[in-house]
file target_18.cif (mmCIF, C-alpha atoms)
data_final
#
loop_
_atom_site.label_atom_id
_atom_site.label_comp_id
_atom_site.auth_asym_id
_atom_site.auth_seq_id
_atom_site.Cartn_x
_atom_site.Cartn_y
_atom_site.Cartn_z
CA MET A 1 -80.12 -120.52 22.88
CA ASP A 2 -81.30 -123.46 20.79
CA ALA A 3 -84.09 -124.27 23.25
CA ILE A 4 -85.36 -120.68 23.16
CA SER A 5 -85.10 -120.52 19.37
CA MET A 6 -86.88 -123.84 19.01
CA ARG A 7 -89.69 -122.83 21.38
CA TYR A 8 -90.43 -119.65 19.43
CA ALA A 9 -90.06 -121.41 16.06
CA GLU A 10 -92.48 -124.14 17.15
CA SER A 11 -95.00 -121.54 18.30
CA LEU A 12 -94.86 -119.69 15.00
CA PHE A 13 -95.01 -122.97 13.08
CA GLY A 14 -98.10 -124.00 15.05
CA LEU A 15 -99.75 -120.73 14.06
CA ALA A 16 -98.75 -121.29 10.43
CA LEU A 17 -100.40 -124.72 10.55
CA GLU A 18 -103.56 -123.26 12.11
CA GLU A 19 -103.70 -120.60 9.41
CA ASN A 20 -102.94 -123.22 6.72
CA ALA A 21 -100.20 -120.89 5.48
CA VAL A 22 -96.95 -122.75 6.12
CA ALA A 23 -95.50 -121.87 2.70
CA ALA A 24 -96.34 -118.18 3.09
CA TYR A 25 -94.85 -118.03 6.58
CA GLN A 26 -91.77 -119.85 5.31
CA THR A 27 -91.30 -117.21 2.61
CA ASP A 28 -91.73 -114.45 5.19
CA MET A 29 -89.20 -116.01 7.54
CA GLN A 30 -86.71 -116.43 4.69
CA LEU A 31 -87.04 -112.70 3.99
CA ILE A 32 -86.55 -111.90 7.66
CA GLN A 33 -83.52 -114.20 7.83
CA SER A 34 -81.95 -112.50 4.82
CA VAL A 35 -82.41 -109.07 6.42
CA PHE A 36 -81.14 -110.10 9.85
CA GLN A 37 -78.03 -111.78 8.41
CA ASP A 38 -76.49 -108.34 8.84
CA PRO A 39 -75.42 -108.25 12.51
CA SER A 40 -76.07 -104.52 12.70
CA PHE A 41 -79.82 -105.15 12.38
CA VAL A 42 -79.80 -107.62 15.26
CA GLN A 43 -77.68 -105.22 17.27
CA PHE A 44 -80.05 -102.31 16.56
CA PHE A 45 -83.20 -104.21 17.53
CA SER A 46 -81.48 -105.71 20.59
CA HIS A 47 -80.13 -102.40 21.90
CA VAL A 48 -81.53 -101.75 25.37
CA ALA A 49 -81.02 -97.97 25.23
CA LEU A 50 -83.45 -97.60 22.33
CA GLN A 51 -87.14 -97.32 23.15
CA ASP A 52 -89.35 -100.06 21.77
CA ASP A 53 -91.40 -97.43 19.92
CA VAL A 54 -88.34 -96.49 17.84
CA LYS A 55 -87.73 -100.16 17.05
CA PHE A 56 -91.41 -100.70 16.16
CA ASN A 57 -91.32 -97.69 13.85
CA VAL A 58 -88.28 -99.06 11.98
CA LEU A 59 -89.87 -102.50 11.90
CA ASN A 60 -93.08 -101.00 10.51
CA LYS A 61 -91.23 -99.14 7.74
CA SER A 62 -89.17 -102.21 6.90
CA PHE A 63 -91.69 -105.06 6.96
CA ASN A 64 -95.30 -103.86 7.23
CA GLY A 65 -97.20 -104.99 4.16
CA LYS A 66 -94.31 -107.19 3.01
CA ILE A 67 -94.94 -110.05 5.42
CA SER A 68 -97.98 -111.63 7.05
CA ILE A 69 -99.53 -109.64 9.90
CA TYR A 70 -98.97 -112.59 12.24
CA VAL A 71 -95.27 -112.81 11.37
CA TYR A 72 -95.02 -109.03 11.78
CA ASN A 73 -96.67 -109.29 15.21
CA PHE A 74 -94.31 -112.14 16.03
CA LEU A 75 -91.34 -109.84 15.37
CA MET A 76 -92.90 -107.19 17.58
CA LEU A 77 -93.31 -109.79 20.34
CA LEU A 78 -89.63 -110.76 20.05
CA ILE A 79 -88.69 -107.10 20.47
CA LYS A 80 -91.01 -106.62 23.46
CA LYS A 81 -89.74 -109.77 25.16
CA ARG A 82 -86.11 -108.87 24.39
CA ARG A 83 -85.68 -112.06 22.36
CA ILE A 84 -84.87 -110.54 18.96
CA GLN A 85 -81.23 -111.61 19.34
CA TYR A 86 -82.46 -115.17 18.74
CA ILE A 87 -84.06 -114.31 15.38
CA LEU A 88 -81.53 -116.13 13.20
CA GLY A 89 -81.82 -119.29 15.31
CA ILE A 90 -85.61 -119.00 15.18
CA CYS A 91 -85.52 -118.60 11.40
CA HIS A 92 -83.25 -121.62 11.07
CA GLN A 93 -85.41 -123.80 13.34
CA PHE A 94 -88.58 -122.61 11.57
CA GLN A 95 -87.05 -123.56 8.21
CA ARG A 96 -86.26 -127.04 9.55
CA LEU A 97 -89.85 -127.46 10.76
CA CYS A 98 -91.16 -126.38 7.36
CA ASN A 99 -88.83 -128.77 5.57
CA ASP A 100 -90.01 -131.64 7.79
CA HIS A 101 -93.61 -130.66 7.07
CA PHE A 102 -93.03 -130.65 3.30
CA GLY A 103 -90.82 -133.77 3.31
CA ILE A 104 -87.65 -131.92 2.34
CA LYS A 105 -84.15 -132.65 3.56
CA GLU A 106 -81.44 -130.03 3.36
CA GLY A 107 -77.79 -130.76 2.84
CA ILE A 108 -74.48 -129.44 1.65
CA ILE A 109 -72.45 -130.37 -1.42
CA TYR A 110 -68.75 -129.88 -0.89
CA SER A 111 -66.92 -129.61 -4.18
CA ALA A 112 -63.36 -128.76 -5.13
CA PHE A 113 -64.80 -126.36 -7.73
CA GLU A 114 -67.94 -124.25 -8.12
CA LEU A 115 -70.86 -126.27 -9.53
CA SER A 116 -73.35 -125.02 -12.09
CA ASP A 117 -77.05 -124.91 -11.22
CA GLN A 118 -77.65 -127.86 -13.56
CA GLU A 119 -74.96 -129.95 -11.83
CA ARG A 120 -76.44 -129.08 -8.42
CA GLN A 121 -79.92 -130.02 -9.62
CA ASP A 122 -78.67 -133.33 -11.03
CA ILE A 123 -77.03 -134.16 -7.70
CA GLU A 124 -80.21 -133.12 -5.83
CA LYS A 125 -82.25 -135.41 -8.05
CA ALA A 126 -79.90 -138.36 -7.48
CA MET A 127 -79.81 -137.76 -3.72
CA SER A 128 -83.60 -137.38 -3.62
CA GLN A 129 -83.98 -140.81 -5.21
CA LYS A 130 -81.45 -142.30 -2.78
CA GLU A 131 -83.03 -140.68 0.30
CA GLY A 132 -86.65 -141.17 -0.80
CA LEU A 133 -87.39 -137.51 -0.02
CA ASP A 134 -86.99 -134.19 -1.79
CA VAL A 135 -83.41 -133.02 -1.16
CA LYS A 136 -82.29 -129.39 -1.41
CA LEU A 137 -78.55 -128.79 -1.43
CA ILE A 138 -76.32 -125.78 -1.15
CA VAL A 139 -72.84 -125.75 -2.66
CA LYS A 140 -69.70 -125.02 -0.66
CA VAL A 141 -66.31 -125.01 -2.33
CA ASP A 142 -63.62 -127.02 -0.50
CA SER A 143 -60.41 -127.07 -2.52
CA SER A 144 -58.89 -129.68 -0.17
CA LEU A 145 -61.10 -132.30 -1.83
CA ILE A 146 -58.89 -132.04 -4.97
CA GLY A 147 -61.75 -133.33 -7.14
CA GLY A 148 -65.15 -135.00 -6.92
CA ILE A 149 -67.83 -134.15 -4.36
CA LYS A 150 -68.88 -134.88 -0.81
CA VAL A 151 -72.56 -134.59 0.16
CA ASP A 152 -73.70 -134.14 3.77
CA ILE A 153 -77.40 -134.71 4.49
CA ASP A 154 -78.38 -134.80 8.16
CA ASN A 155 -74.84 -135.86 9.13
CA HIS A 156 -74.96 -138.75 6.66
CA ILE A 157 -71.93 -138.30 4.41
CA TYR A 158 -71.69 -139.52 0.83
CA ASP A 159 -68.03 -139.02 -0.07
CA ASP A 160 -66.93 -139.41 -3.67
CA SER A 161 -64.04 -136.98 -3.47
CA LEU A 162 -60.59 -137.62 -4.81
CA LEU A 163 -59.15 -136.88 -1.36
CA TYR A 164 -61.28 -139.67 0.19
CA LYS A 165 -60.31 -142.10 -2.54
CA MET A 166 -56.63 -141.28 -2.08
CA GLU A 167 -56.87 -141.72 1.71
CA THR A 168 -58.67 -145.04 1.26
CA LEU A 169 -56.04 -146.24 -1.22
CA LYS A 170 -53.26 -145.13 1.16
CA LYS A 171 -54.82 -147.14 4.02
CA GLU A 172 -55.14 -150.22 1.81
CA LEU A 173 -51.55 -149.97 0.60
CA LEU A 174 -50.17 -149.43 4.10
CA GLY A 175 -52.38 -152.17 5.51
CA LYS A 176 -53.88 -150.00 8.20
#
call {"tool": "encode", "arguments": {"input": "target_18.cif", "output": "structure tokens"}}
result
Amino acid sequence: MDAISMRYAESLFGLALEENAVAAYQTDMQLIQSVFQDPSFVQFFSHVALQDDVKFNVLNKSFNGKISIYVYNFLMLLIKKRRIQYILGICHQFQRLCNDHFGIKEGIIYSAFELSDQERQDIEKAMSQKEGLDVKLIVKVDSSLIGGIKVDIDNHIYDDSLLYKMETLKKELLGK
């Protein structure tokens, strides 16, 4: 699945580069990803009993004029080739390619409590300075951390949680 998603994402990204419209395509793909997060949409467009014309009609009413014609045609191609079930993977891979193009790293902040937008932005700024790239983070609440935060950027973990500190202290005290 990842190989198929990556192949289609790379093709669309190449077209976005040719058209000098990477940011516009990225916005379009984010819209598509938000719509297809609902599994019923993927199921509808993947259903083999429905004629492609019915799917194209729904696609036209949903997206025509809201996204680039090339991205719209890309969706039609995925339906014709029976690859629409890979749309979320394609969107994810396309987003990664765009982030690489713009020098952005994505990551996750794990926090014991919900963070405000200002706190998230402060952490993004600090991590951007540390990484030397623009860092965009999403917040996930993990009450097991007890307090503090843990940041995961490309599988590189910065752990400043109370749970980690307690485990480290326990190891030191037990001599293990």
call {"tool": "closest_residue", "arguments": {"input": "target_18.cif", "among": "A:Val139, A:Ala9, A:Met166, A:Ile87", "to": "Val35 (chain A)", "atoms": "only C-alpha atoms"}}
result
A:Ile87
call {"tool": "atom_distance", "arguments": {"input": "target_18.cif", "atom1": "CA of Ile138 (chain A)", "atom2": "CA of Glu124 (chain A)"}}
result
9.5 Å
call {"tool": "residues_around", "arguments": {"input": "target_18.cif", "residues": "region 65-77 of chain A", "least_positions_apart": "5", "cutoff": "10 Å", "atoms": "all atoms listed in the file", "output": "list of chain:residue names"}}
result
A:Tyr8, A:Ser11, A:Leu12, A:Leu15, A:Ala16, A:Glu19, A:Ala21, A:Ala24, A:Tyr25, A:Gln26, A:Thr27, A:Asp28, A:Met29, A:Leu31, A:Ile32, A:Asp52, A:Lys55, A:Phe56, A:Leu59, A:Asn60, A:Arg82, A:Arg83, A:Ile84, A:Ile87
call {"tool": "residues_around", "arguments": {"input": "target_18.cif", "residues": "Gln121 (chain A)", "least_positions_apart": "5", "cutoff": "10 Å", "atoms": "all atoms listed in the file", "output": "NGL selection string"}}
result
:A and (115-116 or 126-127 or 135-137)
call {"tool": "write_last_selection", "arguments": {"input": "target_18.cif", "atoms": "C-alpha atoms", "output": "PDB file, in the coordinates of the input"}}
result
ATOM      1  CA  LEU A 115     -70.860-126.270  -9.530  1.00  0.00           C
ATOM      2  CA  SER A 116     -73.350-125.020 -12.090  1.00  0.00           C
ATOM      3  CA  ALA A 126     -79.900-138.360  -7.480  1.00  0.00           C
ATOM      4  CA  MET A 127     -79.810-137.760  -3.720  1.00  0.00           C
ATOM      5  CA  VAL A 135     -83.410-133.020  -1.160  1.00  0.00           C
ATOM      6  CA  LYS A 136     -82.290-129.390  -1.410  1.00  0.00           C
ATOM      7  CA  LEU A 137     -78.550-128.790  -1.430  1.00  0.00           C
TER       8      LEU A 137
END
call {"tool": "closest_residue", "arguments": {"input": "target_18.cif", "among": "A:Leu173, A:Ile149, A:Ala23, A:Ile4", "to": "Tyr86 (chain A)", "atoms": "all atoms listed in the file"}}
result
A:Ile4
call {"tool": "closest_residue", "arguments": {"input": "target_18.cif", "among": "A:Ser34, A:Ser161, A:Gln93, A:Ser111", "to": "Arg7 (chain A)", "atoms": "all atoms listed in the file"}}
result
A:Gln93
call {"tool": "atom_distance", "arguments": {"input": "target_18.cif", "atom1": "CA of Leu133 (chain A)", "atom2": "CA of Asn99 (chain A)"}}
result
10.5 Å
call {"tool": "residues_around", "arguments": {"input": "target_18.cif", "residues": "Leu97 (chain A)", "least_positions_apart": "5", "cutoff": "9 Å", "atoms": "only C-alpha atoms", "output": "MDAnalysis selection string"}}
result
chainID A and resid 9:10 13 92 102
call {"tool": "closest_residue", "arguments": {"input": "target_18.cif", "among": "A:Tyr164, A:Phe63, A:Phe45, A:Tyr110", "to": "Gln85 (chain A)", "atoms": "all atoms listed in the file"}}
result
A:Phe45
call {"tool": "atom_distance", "arguments": {"input": "target_18.cif", "atom1": "CA of Glu131 (chain A)", "atom2": "CA of Ile153 (chain A)"}}
result
9.2 Å
call {"tool": "residues_around", "arguments": {"input": "target_18.cif", "residues": "Lys150 (chain A)", "least_positions_apart": "3", "cutoff": "9 Å", "atoms": "only C-alpha atoms", "output": "list in words"}}
result
Ile108, Ile109, Tyr110, Ser111, Leu145, Ile157, Tyr158, Asp159, Asp160 and Ser161 of chain A
call {"tool": "closest_residue", "arguments": {"input": "target_18.cif", "among": "A:Cys91, A:Ile104, A:Leu50, A:Ile146", "to": "Gly132 (chain A)", "atoms": "all atoms listed in the file"}}
result
A:Ile104
call {"tool": "decode", "arguments": {"input": "target_18.cif", "residues": "region 24-157 of chain A", "atoms": "C-alpha atoms", "output": "mmCIF file, in the first residue's frame"}}
result
data_model
loop_
_atom_site.group_PDB
_atom_site.id
_atom_site.type_symbol
_atom_site.label_atom_id
_atom_site.label_comp_id
_atom_site.auth_asym_id
_atom_site.auth_seq_id
_atom_site.Cartn_x
_atom_site.Cartn_y
_atom_site.Cartn_z
ATOM 1 C CA ALA A 24 -1.844 25.306 -4.081
ATOM 2 C CA TYR A 25 -1.758 21.544 -4.641
ATOM 3 C CA GLN A 26 -0.883 21.053 -0.976
ATOM 4 C CA THR A 27 -3.960 23.048 0.042
ATOM 5 C CA ASP A 28 -6.109 21.015 -2.356
ATOM 6 C CA MET A 29 -4.788 17.722 -1.016
ATOM 7 C CA GLN A 30 -5.388 18.855 2.567
ATOM 8 C CA LEU A 31 -9.018 19.541 1.634
ATOM 9 C CA ILE A 32 -9.307 16.139 -0.012
ATOM 10 C CA GLN A 33 -7.742 14.462 3.012
ATOM 11 C CA SER A 34 -10.204 16.163 5.348
ATOM 12 C CA VAL A 35 -13.143 14.964 3.236
ATOM 13 C CA PHE A 36 -11.880 11.399 2.844
ATOM 14 C CA GLN A 37 -11.183 11.027 6.583
ATOM 15 C CA ASP A 38 -14.764 9.787 6.700
ATOM 16 C CA PRO A 39 -14.497 6.095 5.720
ATOM 17 C CA SER A 40 -17.917 6.200 4.075
ATOM 18 C CA PHE A 41 -16.529 8.449 1.319
ATOM 19 C CA VAL A 42 -13.703 6.043 0.574
ATOM 20 C CA GLN A 43 -16.154 3.165 0.657
ATOM 21 C CA PHE A 44 -18.549 4.951 -1.722
ATOM 22 C CA PHE A 45 -15.871 5.823 -4.286
ATOM 23 C CA SER A 46 -14.317 2.341 -3.997
ATOM 24 C CA HIS A 47 -17.583 0.448 -4.435
ATOM 25 C CA VAL A 48 -17.343 -1.782 -7.501
ATOM 26 C CA ALA A 49 -21.116 -2.012 -8.032
ATOM 27 C CA LEU A 50 -21.402 1.726 -8.689
ATOM 28 C CA GLN A 51 -20.729 2.949 -12.207
ATOM 29 C CA ASP A 52 -17.824 5.346 -12.589
ATOM 30 C CA ASP A 53 -20.200 7.940 -14.062
ATOM 31 C CA VAL A 54 -22.109 8.085 -10.762
ATOM 32 C CA LYS A 55 -18.847 8.519 -8.868
ATOM 33 C CA PHE A 56 -17.652 11.215 -11.303
ATOM 34 C CA ASN A 57 -20.944 13.072 -10.892
ATOM 35 C CA VAL A 58 -20.595 13.094 -7.088
ATOM 36 C CA LEU A 59 -16.943 14.076 -7.417
ATOM 37 C CA ASN A 60 -17.905 16.910 -9.770
ATOM 38 C CA LYS A 61 -20.540 18.249 -7.367
ATOM 39 C CA SER A 62 -18.180 17.955 -4.423
ATOM 40 C CA PHE A 63 -14.875 19.282 -5.754
ATOM 41 C CA ASN A 64 -15.189 20.921 -9.180
ATOM 42 C CA GLY A 65 -14.174 24.559 -8.897
ATOM 43 C CA LYS A 66 -12.875 24.066 -5.355
ATOM 44 C CA ILE A 67 -9.596 22.409 -6.304
ATOM 45 C CA SER A 68 -7.150 22.650 -9.182
ATOM 46 C CA ILE A 69 -8.263 20.996 -12.421
ATOM 47 C CA TYR A 70 -5.180 18.772 -12.336
ATOM 48 C CA VAL A 71 -5.917 17.581 -8.796
ATOM 49 C CA TYR A 72 -9.548 17.016 -9.826
ATOM 50 C CA ASN A 73 -8.388 14.972 -12.827
ATOM 51 C CA PHE A 74 -6.026 13.094 -10.516
ATOM 52 C CA LEU A 75 -9.001 12.051 -8.367
ATOM 53 C CA MET A 76 -10.854 10.931 -11.483
ATOM 54 C CA LEU A 77 -7.822 8.851 -12.491
ATOM 55 C CA LEU A 78 -7.750 7.191 -9.057
ATOM 56 C CA ILE A 79 -11.405 6.261 -9.483
ATOM 57 C CA LYS A 80 -10.881 4.922 -13.019
ATOM 58 C CA LYS A 81 -7.854 2.876 -11.965
ATOM 59 C CA ARG A 82 -9.646 1.603 -8.842
ATOM 60 C CA ARG A 83 -6.989 3.175 -6.612
ATOM 61 C CA ILE A 84 -9.175 5.610 -4.657
ATOM 62 C CA GLN A 85 -8.889 3.405 -1.565
ATOM 63 C CA TYR A 86 -5.287 4.639 -1.307
ATOM 64 C CA ILE A 87 -6.306 8.312 -1.175
ATOM 65 C CA LEU A 88 -5.458 8.882 2.489
ATOM 66 C CA GLY A 89 -2.018 7.313 2.049
ATOM 67 C CA ILE A 90 -1.481 9.400 -1.081
ATOM 68 C CA CYS A 91 -2.496 12.564 0.780
ATOM 69 C CA HIS A 92 -0.136 11.714 3.631
ATOM 70 C CA GLN A 93 2.795 10.970 1.309
ATOM 71 C CA PHE A 94 2.071 14.107 -0.738
ATOM 72 C CA GLN A 95 2.103 16.185 2.461
ATOM 73 C CA ARG A 96 5.493 14.707 3.385
ATOM 74 C CA LEU A 97 6.890 15.568 -0.060
ATOM 75 C CA CYS A 98 5.594 19.131 0.272
ATOM 76 C CA ASN A 99 7.088 19.481 3.734
ATOM 77 C CA ASP A 100 10.462 18.270 2.433
ATOM 78 C CA HIS A 101 10.198 20.748 -0.437
ATOM 79 C CA PHE A 102 9.457 23.657 1.922
ATOM 80 C CA GLY A 103 11.979 22.551 4.578
ATOM 81 C CA ILE A 104 9.343 21.675 7.170
ATOM 82 C CA LYS A 105 9.472 18.822 9.642
ATOM 83 C CA GLU A 106 6.319 17.506 11.257
ATOM 84 C CA GLY A 107 6.138 16.058 14.714
ATOM 85 C CA ILE A 108 3.946 15.302 17.676
ATOM 86 C CA ILE A 109 3.902 16.864 21.133
ATOM 87 C CA TYR A 110 2.705 14.470 23.777
ATOM 88 C CA SER A 111 1.513 16.302 26.854
ATOM 89 C CA ALA A 112 -0.247 15.228 30.023
ATOM 90 C CA PHE A 113 -2.648 18.138 29.487
ATOM 91 C CA GLU A 114 -4.051 20.076 26.535
ATOM 92 C CA LEU A 115 -1.691 22.851 25.380
ATOM 93 C CA SER A 116 -2.760 26.311 24.275
ATOM 94 C CA ASP A 117 -1.903 27.506 20.765
ATOM 95 C CA GLN A 118 0.688 29.872 22.246
ATOM 96 C CA GLU A 119 2.383 27.041 24.157
ATOM 97 C CA ARG A 120 2.420 24.886 21.002
ATOM 98 C CA GLN A 121 3.895 27.759 18.991
ATOM 99 C CA ASP A 122 6.580 28.373 21.630
ATOM 100 C CA ILE A 123 7.555 24.698 21.531
ATOM 101 C CA GLU A 124 7.548 24.754 17.704
ATOM 102 C CA LYS A 125 9.849 27.767 17.754
ATOM 103 C CA ALA A 126 12.258 26.110 20.205
ATOM 104 C CA MET A 127 12.266 22.847 18.240
ATOM 105 C CA SER A 128 12.750 24.740 14.959
ATOM 106 C CA GLN A 129 15.880 26.366 16.380
ATOM 107 C CA LYS A 130 17.145 23.005 17.649
ATOM 108 C CA GLU A 131 16.431 21.176 14.365
ATOM 109 C CA GLY A 132 17.523 24.017 12.077
ATOM 110 C CA LEU A 133 14.283 23.662 10.085
ATOM 111 C CA ASP A 134 10.726 24.892 10.397
ATOM 112 C CA VAL A 135 8.907 22.455 12.704
ATOM 113 C CA LYS A 136 5.127 21.997 12.768
ATOM 114 C CA LEU A 137 3.725 20.040 15.692
ATOM 115 C CA ILE A 138 0.380 18.569 16.567
ATOM 116 C CA VAL A 139 -0.651 18.025 20.178
ATOM 117 C CA LYS A 140 -1.727 14.661 21.558
ATOM 118 C CA VAL A 141 -2.749 14.309 25.179
ATOM 119 C CA ASP A 142 -1.119 11.387 27.022
ATOM 120 C CA SER A 143 -2.103 11.414 30.685
ATOM 121 C CA SER A 144 0.449 8.675 31.465
ATOM 122 C CA LEU A 145 3.198 11.310 31.196
ATOM 123 C CA ILE A 146 1.951 12.809 34.508
ATOM 124 C CA GLY A 147 3.481 16.188 33.601
ATOM 125 C CA GLY A 148 5.867 17.819 31.135
ATOM 126 C CA ILE A 149 6.053 17.031 27.429
ATOM 127 C CA LYS A 150 7.553 14.579 24.984
ATOM 128 C CA VAL A 151 8.244 15.670 21.401
ATOM 129 C CA ASP A 152 8.636 13.190 18.533
ATOM 130 C CA ILE A 153 10.114 14.532 15.288
ATOM 131 C CA ASP A 154 11.004 11.925 12.665
ATOM 132 C CA ASN A 155 11.398 9.267 15.380
ATOM 133 C CA HIS A 156 13.808 11.491 17.298
ATOM 134 C CA ILE A 157 12.356 11.806 20.796
#
